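Just protein11.txt here, compact mmCIF, N, CA and C atoms:
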# COMPACT_ATOMS: atom_id res chain seq x y z
N MET A 762 6.92 -13.15 6.68
CA MET A 762 6.15 -11.94 6.46
C MET A 762 6.41 -11.44 5.04
N ASN A 763 5.34 -10.91 4.43
CA ASN A 763 5.45 -10.30 3.11
C ASN A 763 5.21 -8.80 3.23
N TYR A 764 5.59 -8.11 2.18
CA TYR A 764 5.49 -6.65 2.14
C TYR A 764 4.72 -6.24 0.89
N TRP A 765 3.98 -5.15 1.02
CA TRP A 765 3.08 -4.70 -0.03
C TRP A 765 3.11 -3.18 -0.12
N LEU A 766 2.50 -2.68 -1.17
CA LEU A 766 2.23 -1.25 -1.30
C LEU A 766 0.76 -1.15 -1.70
N ILE A 767 0.00 -0.36 -0.94
CA ILE A 767 -1.41 -0.13 -1.24
C ILE A 767 -1.58 1.34 -1.59
N LYS A 768 -2.27 1.58 -2.70
CA LYS A 768 -2.44 2.94 -3.20
C LYS A 768 -3.87 3.42 -2.99
N THR A 769 -3.96 4.70 -2.69
CA THR A 769 -5.27 5.32 -2.52
C THR A 769 -5.21 6.76 -2.99
N GLU A 770 -6.34 7.23 -3.47
CA GLU A 770 -6.46 8.66 -3.77
C GLU A 770 -6.78 9.34 -2.45
N PRO A 771 -5.97 10.33 -2.06
CA PRO A 771 -6.18 10.94 -0.74
C PRO A 771 -7.56 11.58 -0.58
N GLY A 772 -8.20 11.96 -1.67
CA GLY A 772 -9.54 12.52 -1.58
C GLY A 772 -10.60 11.47 -1.31
N THR A 773 -10.27 10.20 -1.54
CA THR A 773 -11.19 9.09 -1.30
C THR A 773 -10.99 8.51 0.10
N TYR A 774 -9.76 8.14 0.40
CA TYR A 774 -9.41 7.66 1.74
C TYR A 774 -7.93 7.97 1.94
N SER A 775 -7.63 8.80 2.92
CA SER A 775 -6.27 9.31 3.08
C SER A 775 -5.55 8.68 4.26
N TRP A 776 -4.27 8.98 4.32
CA TRP A 776 -3.44 8.56 5.46
C TRP A 776 -4.02 9.11 6.75
N ASP A 777 -4.46 10.36 6.74
CA ASP A 777 -5.05 10.95 7.94
C ASP A 777 -6.32 10.21 8.36
N ASP A 778 -7.08 9.72 7.37
CA ASP A 778 -8.27 8.93 7.69
C ASP A 778 -7.87 7.65 8.43
N LEU A 779 -6.84 6.96 7.92
CA LEU A 779 -6.41 5.72 8.58
C LEU A 779 -5.89 6.00 9.99
N LYS A 780 -5.12 7.08 10.14
CA LYS A 780 -4.63 7.43 11.49
C LYS A 780 -5.80 7.65 12.45
N LYS A 781 -6.82 8.34 11.97
CA LYS A 781 -7.98 8.64 12.81
C LYS A 781 -8.80 7.37 13.09
N ASP A 782 -9.04 6.58 12.04
CA ASP A 782 -9.88 5.38 12.17
C ASP A 782 -9.18 4.21 12.86
N LYS A 783 -7.84 4.18 12.82
CA LYS A 783 -7.00 3.11 13.38
C LYS A 783 -6.98 1.85 12.51
N TRP A 784 -8.07 1.56 11.79
CA TRP A 784 -8.11 0.43 10.86
C TRP A 784 -9.21 0.67 9.84
N THR A 785 -9.14 -0.05 8.73
CA THR A 785 -10.18 0.02 7.72
C THR A 785 -10.17 -1.24 6.88
N PHE A 786 -11.24 -1.46 6.13
CA PHE A 786 -11.20 -2.53 5.15
C PHE A 786 -10.73 -1.93 3.83
N TRP A 787 -9.89 -2.66 3.13
CA TRP A 787 -9.32 -2.22 1.85
C TRP A 787 -10.14 -2.87 0.75
N ASP A 788 -11.05 -2.10 0.17
CA ASP A 788 -12.00 -2.64 -0.78
C ASP A 788 -11.97 -1.84 -2.08
N GLY A 789 -12.84 -2.19 -2.99
CA GLY A 789 -12.98 -1.42 -4.23
C GLY A 789 -11.97 -1.76 -5.30
N VAL A 790 -11.14 -2.76 -5.08
CA VAL A 790 -10.12 -3.15 -6.06
C VAL A 790 -10.82 -3.90 -7.20
N ARG A 791 -10.64 -3.42 -8.42
CA ARG A 791 -11.31 -4.03 -9.57
C ARG A 791 -10.31 -4.35 -10.68
N ASN A 792 -9.15 -4.78 -10.29
CA ASN A 792 -8.11 -5.23 -11.22
C ASN A 792 -7.71 -6.63 -10.75
N PHE A 793 -7.66 -7.58 -11.68
CA PHE A 793 -7.42 -8.97 -11.28
C PHE A 793 -6.04 -9.17 -10.65
N GLN A 794 -5.03 -8.51 -11.17
CA GLN A 794 -3.69 -8.66 -10.59
C GLN A 794 -3.66 -8.10 -9.17
N ALA A 795 -4.24 -6.92 -8.99
CA ALA A 795 -4.30 -6.32 -7.65
C ALA A 795 -5.14 -7.19 -6.72
N ARG A 796 -6.25 -7.75 -7.23
CA ARG A 796 -7.10 -8.65 -6.44
C ARG A 796 -6.31 -9.87 -5.99
N ASN A 797 -5.52 -10.43 -6.90
CA ASN A 797 -4.70 -11.60 -6.54
C ASN A 797 -3.69 -11.24 -5.45
N ASN A 798 -3.17 -10.01 -5.50
CA ASN A 798 -2.26 -9.56 -4.44
C ASN A 798 -2.99 -9.44 -3.11
N LEU A 799 -4.23 -8.95 -3.12
CA LEU A 799 -5.02 -8.92 -1.89
C LEU A 799 -5.20 -10.33 -1.33
N LYS A 800 -5.47 -11.28 -2.22
CA LYS A 800 -5.67 -12.67 -1.79
C LYS A 800 -4.40 -13.27 -1.20
N ALA A 801 -3.25 -12.77 -1.61
CA ALA A 801 -1.97 -13.30 -1.11
C ALA A 801 -1.56 -12.69 0.22
N MET A 802 -2.21 -11.63 0.64
CA MET A 802 -1.85 -10.97 1.90
C MET A 802 -2.20 -11.86 3.09
N LYS A 803 -1.31 -11.87 4.06
CA LYS A 803 -1.50 -12.65 5.28
C LYS A 803 -1.50 -11.73 6.49
N THR A 804 -2.19 -12.15 7.53
CA THR A 804 -2.21 -11.39 8.77
C THR A 804 -0.78 -11.15 9.24
N GLY A 805 -0.47 -9.90 9.57
CA GLY A 805 0.87 -9.54 10.02
C GLY A 805 1.74 -8.94 8.93
N ASP A 806 1.37 -9.13 7.65
CA ASP A 806 2.13 -8.51 6.57
C ASP A 806 2.07 -6.99 6.72
N LEU A 807 3.10 -6.32 6.23
CA LEU A 807 3.16 -4.86 6.27
C LEU A 807 2.99 -4.28 4.87
N ALA A 808 2.36 -3.12 4.82
CA ALA A 808 2.13 -2.44 3.55
C ALA A 808 2.55 -0.98 3.64
N LEU A 809 3.21 -0.52 2.60
CA LEU A 809 3.46 0.91 2.45
C LEU A 809 2.15 1.55 2.01
N PHE A 810 1.76 2.62 2.66
CA PHE A 810 0.51 3.33 2.35
C PHE A 810 0.86 4.50 1.45
N TYR A 811 0.37 4.46 0.22
CA TYR A 811 0.80 5.39 -0.84
C TYR A 811 -0.36 6.27 -1.28
N HIS A 812 -0.14 7.59 -1.27
CA HIS A 812 -1.10 8.54 -1.82
C HIS A 812 -0.81 8.70 -3.31
N SER A 813 -1.81 8.39 -4.13
CA SER A 813 -1.64 8.51 -5.58
C SER A 813 -2.13 9.88 -6.07
N VAL A 814 -2.35 9.98 -7.34
CA VAL A 814 -2.85 11.16 -8.05
C VAL A 814 -1.84 12.30 -7.94
N ASN A 815 -2.17 13.37 -7.26
CA ASN A 815 -1.28 14.54 -7.23
C ASN A 815 -0.12 14.41 -6.25
N GLU A 816 -0.31 13.71 -5.15
CA GLU A 816 0.74 13.64 -4.13
C GLU A 816 1.86 12.67 -4.48
N LYS A 817 1.50 11.47 -4.90
CA LYS A 817 2.46 10.45 -5.32
C LYS A 817 3.59 10.26 -4.31
N ARG A 818 3.21 9.81 -3.11
CA ARG A 818 4.22 9.61 -2.07
C ARG A 818 3.76 8.59 -1.04
N VAL A 819 4.75 7.89 -0.49
CA VAL A 819 4.51 6.93 0.59
C VAL A 819 4.37 7.74 1.88
N MET A 820 3.27 7.50 2.60
CA MET A 820 2.96 8.28 3.79
C MET A 820 3.31 7.55 5.09
N GLY A 821 3.17 6.22 5.08
CA GLY A 821 3.38 5.45 6.29
C GLY A 821 3.22 3.98 6.02
N THR A 822 3.06 3.21 7.10
CA THR A 822 2.88 1.77 6.95
C THR A 822 1.59 1.32 7.64
N ALA A 823 1.02 0.27 7.07
CA ALA A 823 -0.18 -0.36 7.62
C ALA A 823 0.11 -1.85 7.79
N LYS A 824 -0.62 -2.48 8.68
CA LYS A 824 -0.46 -3.92 8.92
C LYS A 824 -1.76 -4.62 8.54
N VAL A 825 -1.62 -5.75 7.84
CA VAL A 825 -2.79 -6.56 7.51
C VAL A 825 -3.27 -7.23 8.80
N ILE A 826 -4.56 -7.00 9.13
CA ILE A 826 -5.10 -7.57 10.36
C ILE A 826 -6.20 -8.60 10.09
N LYS A 827 -6.65 -8.69 8.83
CA LYS A 827 -7.62 -9.71 8.46
C LYS A 827 -7.41 -10.05 6.99
N GLU A 828 -7.28 -11.34 6.72
CA GLU A 828 -7.04 -11.81 5.36
C GLU A 828 -8.30 -11.67 4.52
N HIS A 829 -8.16 -11.89 3.24
CA HIS A 829 -9.21 -11.58 2.26
C HIS A 829 -10.56 -12.24 2.57
N TYR A 830 -11.59 -11.48 2.22
CA TYR A 830 -12.98 -11.91 2.35
C TYR A 830 -13.78 -11.17 1.27
N GLN A 831 -15.01 -11.53 1.09
CA GLN A 831 -15.86 -10.91 0.07
C GLN A 831 -15.88 -9.39 0.23
N ASP A 832 -15.62 -8.67 -0.85
CA ASP A 832 -15.68 -7.21 -0.83
C ASP A 832 -17.11 -6.79 -0.48
N PRO A 833 -17.29 -6.04 0.61
CA PRO A 833 -18.64 -5.65 1.03
C PRO A 833 -19.31 -4.66 0.08
N GLY A 834 -18.54 -4.10 -0.86
CA GLY A 834 -19.11 -3.12 -1.79
C GLY A 834 -19.72 -3.73 -3.04
N THR A 835 -19.71 -5.06 -3.15
CA THR A 835 -20.27 -5.71 -4.34
C THR A 835 -20.75 -7.12 -4.00
N ASP A 836 -21.71 -7.58 -4.78
CA ASP A 836 -22.17 -8.97 -4.64
C ASP A 836 -21.37 -9.90 -5.54
N ASP A 837 -20.50 -9.35 -6.37
CA ASP A 837 -19.69 -10.15 -7.30
C ASP A 837 -18.59 -10.84 -6.50
N ASP A 838 -18.64 -12.16 -6.43
CA ASP A 838 -17.71 -12.90 -5.57
C ASP A 838 -16.28 -12.96 -6.11
N ARG A 839 -16.02 -12.33 -7.24
CA ARG A 839 -14.65 -12.26 -7.76
C ARG A 839 -13.80 -11.25 -6.99
N TRP A 840 -14.43 -10.34 -6.27
CA TRP A 840 -13.70 -9.24 -5.64
C TRP A 840 -13.63 -9.41 -4.14
N VAL A 841 -12.48 -9.07 -3.59
CA VAL A 841 -12.22 -9.27 -2.16
C VAL A 841 -11.72 -7.99 -1.50
N ALA A 842 -11.70 -8.03 -0.20
CA ALA A 842 -11.15 -6.95 0.62
C ALA A 842 -10.27 -7.58 1.69
N VAL A 843 -9.42 -6.78 2.29
CA VAL A 843 -8.66 -7.16 3.49
C VAL A 843 -8.81 -6.03 4.49
N ASP A 844 -8.52 -6.31 5.75
CA ASP A 844 -8.52 -5.26 6.76
C ASP A 844 -7.07 -4.88 7.06
N VAL A 845 -6.83 -3.56 7.14
CA VAL A 845 -5.50 -3.06 7.48
C VAL A 845 -5.62 -2.07 8.63
N ALA A 846 -4.56 -2.00 9.43
CA ALA A 846 -4.52 -1.10 10.58
C ALA A 846 -3.32 -0.18 10.48
N PHE A 847 -3.46 1.00 11.04
CA PHE A 847 -2.35 1.95 11.15
C PHE A 847 -1.18 1.26 11.85
N GLU A 848 0.00 1.39 11.29
CA GLU A 848 1.20 0.81 11.91
C GLU A 848 2.17 1.92 12.32
N SER A 849 2.65 2.71 11.35
CA SER A 849 3.59 3.78 11.69
C SER A 849 3.57 4.86 10.62
N GLU A 850 3.84 6.07 11.06
CA GLU A 850 3.92 7.21 10.14
C GLU A 850 5.38 7.45 9.78
N LEU A 851 5.64 7.76 8.52
CA LEU A 851 7.00 8.07 8.11
C LEU A 851 7.39 9.45 8.62
N LYS A 852 8.63 9.59 9.03
CA LYS A 852 9.14 10.89 9.47
C LYS A 852 9.02 11.89 8.33
N TYR A 853 9.43 11.46 7.13
CA TYR A 853 9.29 12.26 5.92
C TYR A 853 8.68 11.37 4.84
N PRO A 854 7.54 11.77 4.26
CA PRO A 854 6.98 10.99 3.17
C PRO A 854 8.00 10.86 2.03
N VAL A 855 7.95 9.73 1.33
CA VAL A 855 8.88 9.46 0.24
C VAL A 855 8.13 9.61 -1.08
N HIS A 856 8.55 10.58 -1.88
CA HIS A 856 7.89 10.90 -3.15
C HIS A 856 8.29 9.92 -4.24
N LEU A 857 7.38 9.68 -5.16
CA LEU A 857 7.64 8.79 -6.29
C LEU A 857 8.89 9.20 -7.05
N SER A 858 9.15 10.48 -7.20
CA SER A 858 10.34 10.93 -7.92
C SER A 858 11.62 10.47 -7.22
N GLU A 859 11.60 10.41 -5.87
CA GLU A 859 12.76 9.91 -5.13
C GLU A 859 12.95 8.42 -5.35
N VAL A 860 11.84 7.68 -5.40
CA VAL A 860 11.90 6.24 -5.64
C VAL A 860 12.48 5.99 -7.03
N LYS A 861 11.95 6.70 -8.04
CA LYS A 861 12.40 6.51 -9.41
C LYS A 861 13.86 6.93 -9.62
N ALA A 862 14.33 7.88 -8.83
CA ALA A 862 15.71 8.37 -8.97
C ALA A 862 16.72 7.45 -8.32
N ASN A 863 16.25 6.48 -7.55
CA ASN A 863 17.16 5.63 -6.80
C ASN A 863 17.42 4.31 -7.54
N PRO A 864 18.66 4.07 -7.97
CA PRO A 864 18.96 2.85 -8.72
C PRO A 864 18.64 1.55 -7.96
N GLN A 865 18.70 1.57 -6.63
CA GLN A 865 18.40 0.37 -5.84
C GLN A 865 16.92 -0.01 -5.92
N LEU A 866 16.08 0.93 -6.37
CA LEU A 866 14.64 0.67 -6.45
C LEU A 866 14.14 0.57 -7.89
N SER A 867 15.05 0.45 -8.84
CA SER A 867 14.69 0.48 -10.26
C SER A 867 13.81 -0.70 -10.69
N GLU A 868 13.84 -1.80 -9.94
CA GLU A 868 13.02 -2.97 -10.28
C GLU A 868 11.71 -3.02 -9.49
N MET A 869 11.47 -2.03 -8.67
CA MET A 869 10.27 -2.01 -7.85
C MET A 869 9.03 -1.92 -8.74
N VAL A 870 7.97 -2.64 -8.37
CA VAL A 870 6.74 -2.62 -9.15
C VAL A 870 6.23 -1.19 -9.29
N LEU A 871 6.36 -0.37 -8.27
CA LEU A 871 5.91 1.02 -8.32
C LEU A 871 6.58 1.77 -9.47
N VAL A 872 7.80 1.41 -9.79
CA VAL A 872 8.54 2.05 -10.89
C VAL A 872 8.12 1.42 -12.22
N LYS A 873 7.96 0.12 -12.25
CA LYS A 873 7.67 -0.61 -13.49
C LYS A 873 6.20 -0.57 -13.90
N ASN A 874 5.30 -0.58 -12.91
CA ASN A 874 3.86 -0.63 -13.18
C ASN A 874 3.15 0.25 -12.15
N SER A 875 3.33 1.54 -12.27
CA SER A 875 2.88 2.46 -11.22
C SER A 875 1.37 2.53 -11.08
N ARG A 876 0.61 1.99 -12.03
CA ARG A 876 -0.86 2.06 -11.95
C ARG A 876 -1.47 0.94 -11.10
N LEU A 877 -0.72 -0.09 -10.78
CA LEU A 877 -1.25 -1.22 -10.02
C LEU A 877 -1.53 -0.77 -8.58
N SER A 878 -2.78 -0.95 -8.12
CA SER A 878 -3.19 -0.38 -6.84
C SER A 878 -2.78 -1.18 -5.61
N VAL A 879 -2.51 -2.47 -5.78
CA VAL A 879 -2.00 -3.31 -4.69
C VAL A 879 -0.85 -4.11 -5.28
N GLN A 880 0.34 -3.90 -4.74
CA GLN A 880 1.51 -4.51 -5.37
C GLN A 880 2.48 -5.05 -4.34
N PRO A 881 3.20 -6.10 -4.73
CA PRO A 881 4.20 -6.65 -3.82
C PRO A 881 5.42 -5.74 -3.74
N VAL A 882 6.08 -5.79 -2.60
CA VAL A 882 7.31 -5.05 -2.35
C VAL A 882 8.27 -6.04 -1.71
N THR A 883 9.52 -6.04 -2.12
CA THR A 883 10.48 -6.93 -1.46
C THR A 883 10.86 -6.33 -0.11
N GLN A 884 11.41 -7.17 0.77
CA GLN A 884 11.85 -6.67 2.07
C GLN A 884 12.94 -5.62 1.89
N LEU A 885 13.84 -5.83 0.94
CA LEU A 885 14.90 -4.84 0.70
C LEU A 885 14.32 -3.51 0.25
N GLU A 886 13.32 -3.54 -0.64
CA GLU A 886 12.68 -2.30 -1.09
C GLU A 886 11.97 -1.61 0.06
N PHE A 887 11.25 -2.40 0.85
CA PHE A 887 10.54 -1.86 2.01
C PHE A 887 11.53 -1.18 2.96
N ASP A 888 12.60 -1.90 3.31
CA ASP A 888 13.60 -1.36 4.23
C ASP A 888 14.27 -0.11 3.65
N PHE A 889 14.52 -0.11 2.36
CA PHE A 889 15.18 1.03 1.73
C PHE A 889 14.28 2.27 1.79
N ILE A 890 13.00 2.09 1.52
CA ILE A 890 12.06 3.22 1.61
C ILE A 890 11.95 3.70 3.04
N MET A 891 11.95 2.78 3.99
CA MET A 891 11.90 3.20 5.39
C MET A 891 13.14 4.01 5.75
N ASP A 892 14.31 3.61 5.25
CA ASP A 892 15.55 4.38 5.48
C ASP A 892 15.46 5.76 4.81
N MET A 893 14.93 5.80 3.59
CA MET A 893 14.78 7.07 2.89
C MET A 893 13.88 8.03 3.67
N SER A 894 12.89 7.49 4.35
CA SER A 894 11.92 8.32 5.07
C SER A 894 12.52 8.98 6.31
N GLU A 895 13.67 8.56 6.71
CA GLU A 895 14.33 9.15 7.87
C GLU A 895 15.11 10.41 7.53
N LYS A 896 15.30 10.64 6.23
CA LYS A 896 16.08 11.79 5.76
C LYS A 896 15.15 12.78 5.09
N SER A 897 15.39 14.04 5.27
CA SER A 897 14.54 15.05 4.63
C SER A 897 14.91 15.27 3.19
Go through the file and emit its structure as structure tokens.
Amino acid sequence: MNYWLIKTEPGTYSWDDLKKDKWTFWDGVRNFQARNNLKAMKTGDLALFYHSVNEKRVMGTAKVIKEHYQDPGTDDDRWVAVDVAFESELKYPVHLSEVKANPQLSEMVLVKNSRLSVQPVTQLEFDFIMDMSEKS
């Protein structure tokens, strides 16, 4: 299993939307590195669901339920989408400032390249953020 972080602007598609919908297709990615990360996702992989812009915090986890396919929002075959489903809500969302303040997460892509909308996460980083979410 692999781990990921998927970013969204909460005004576009929020954590509450995913909780209500139960699943969605993850589309609209127009960065080649992020697209390649979508292509690397496998069914069963877990992703941290991150609110960008003003909130800047991990809200919960999603599970990849369908591997990459043509992005339905464009006819350009360079772009893909995956399907993700609600997995679990964090007890306490983890803010970007907490991630950046933690030396164990200093090599995380979110810290090094915070603009990348779909990024890999190591299992240790994933587990560490999940542990952080248990504390207020």
Checklist entry - Contacts of region 762-773 of chain A at 6 Å or less, counting only C-alpha atoms, minus same-chain residues fewer than 2 places along, as JSON, numbers by chain? => result {"A": [775, 806, 807, 808, 809, 810, 811, 812, 813, 878, 879, 880, 881, 882]}
Mind dumping the selected residues with N, CA and C atoms as a short mmCIF file (atom, residue, chain, number, x, y, z; two decimals), in the coordinates of the input?
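For reference, out_29.cif as written:
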data_model
loop_
_atom_site.label_atom_id
_atom_site.label_comp_id
_atom_site.auth_asym_id
_atom_site.auth_seq_id
_atom_site.Cartn_x
_atom_site.Cartn_y
_atom_site.Cartn_z
N SER A 775 -7.63 8.80 2.92
CA SER A 775 -6.27 9.31 3.08
C SER A 775 -5.55 8.68 4.26
N ASP A 806 1.37 -9.13 7.65
CA ASP A 806 2.13 -8.51 6.57
C ASP A 806 2.07 -6.99 6.72
N LEU A 807 3.10 -6.32 6.23
CA LEU A 807 3.16 -4.86 6.27
C LEU A 807 2.99 -4.28 4.87
N ALA A 808 2.36 -3.12 4.82
CA ALA A 808 2.13 -2.44 3.55
C ALA A 808 2.55 -0.98 3.64
N LEU A 809 3.21 -0.52 2.60
CA LEU A 809 3.46 0.91 2.45
C LEU A 809 2.15 1.55 2.01
N PHE A 810 1.76 2.62 2.66
CA PHE A 810 0.51 3.33 2.35
C PHE A 810 0.86 4.50 1.45
N TYR A 811 0.37 4.46 0.22
CA TYR A 811 0.80 5.39 -0.84
C TYR A 811 -0.36 6.27 -1.28
N HIS A 812 -0.14 7.59 -1.27
CA HIS A 812 -1.10 8.54 -1.82
C HIS A 812 -0.81 8.70 -3.31
N SER A 813 -1.81 8.39 -4.13
CA SER A 813 -1.64 8.51 -5.58
C SER A 813 -2.13 9.88 -6.07
N SER A 878 -2.78 -0.95 -8.12
CA SER A 878 -3.19 -0.38 -6.84
C SER A 878 -2.78 -1.18 -5.61
N VAL A 879 -2.51 -2.47 -5.78
CA VAL A 879 -2.00 -3.31 -4.69
C VAL A 879 -0.85 -4.11 -5.28
N GLN A 880 0.34 -3.90 -4.74
CA GLN A 880 1.51 -4.51 -5.37
C GLN A 880 2.48 -5.05 -4.34
N PRO A 881 3.20 -6.10 -4.73
CA PRO A 881 4.20 -6.65 -3.82
C PRO A 881 5.42 -5.74 -3.74
N VAL A 882 6.08 -5.79 -2.60
CA VAL A 882 7.31 -5.05 -2.35
C VAL A 882 8.27 -6.04 -1.71
#
Next on the checklist: Just list as an MDAnalysis selection string whatever in region 763-896 of chain A DSSP marks as alpha helix (DSSP H).
Outcome noted: chainID A and resid 776:782 793:801 857:862 870:873 884:893
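In this model, the gap between CA of Asp844 (chain A) and atom N of Gly805 (chain A) comes to 9.7 Å.
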Item to check | Counting all atoms listed in the file, the residue of A:Thr835, A:Asn792, A:Gln884, A:Ser849 that sits nearest Met820 (chain A) | outcome: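 Nearest candidate to Met820 (chain A) out of A:Thr835, A:Asn792, A:Gln884, A:Ser849: A:Ser849.
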Next on the checklist: Show me, as a PyMOL selection string, the residues that have an atom within 8 Å of Pro833 (chain A) when counting only N, CA and C atoms, minus same-chain residues fewer than 4 positions from it.
Outcome noted: chain A and resi 787-789+840-842
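Of the residues under consideration (A:Val855, A:Val870, A:Val860, A:Leu799), A:Val855 shows the shortest atom-to-atom contact distance to Ser894 (chain A) when counting only N, CA and C atoms.
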Checklist outcome for this item: Counting only C-alpha atoms, the residue among A:Leu877, A:Leu885, A:Val814, A:Val825 that lies closest to Gln865 (chain A) is A:Leu885
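Take the candidates A:Trp784, A:Ala795, A:Thr883, A:Asp892 and check each one against Arg839 (chain A) using only C-alpha atoms; the shortest distance goes to A:Ala795.
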Item to check | For CA of Thr785 (chain A) and CA of Ile826 (chain A), the interatomic separation in Å (one decimal) | outcome: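 Separation between CA of Thr785 (chain A) and CA of Ile826 (chain A): 9.5 Å.
Using all atoms listed in the file, the smallest distance between any of A:Glu868, A:Glu848, A:Asp836, A:Glu886 and Lys824 (chain A) comes from A:Glu848.
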Checklist entry - Where does DSSP see strand (DSSP E or B) in region 806-846 of chain A, if you list the residues as JSON, numbers by chain? => result {"A": [807, 808, 809, 810, 811, 812, 818, 819, 820, 821, 822, 823, 824, 825, 826, 827, 828, 829, 830, 831, 841, 842, 843, 844, 845, 846]}
Next on the checklist: Could you tell me how far atom N of Ala846 (chain A) sits from CA of Lys780 (chain A), in Å to one decimal place?
Outcome noted: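 Interatomic distance here is 9.7 Å.
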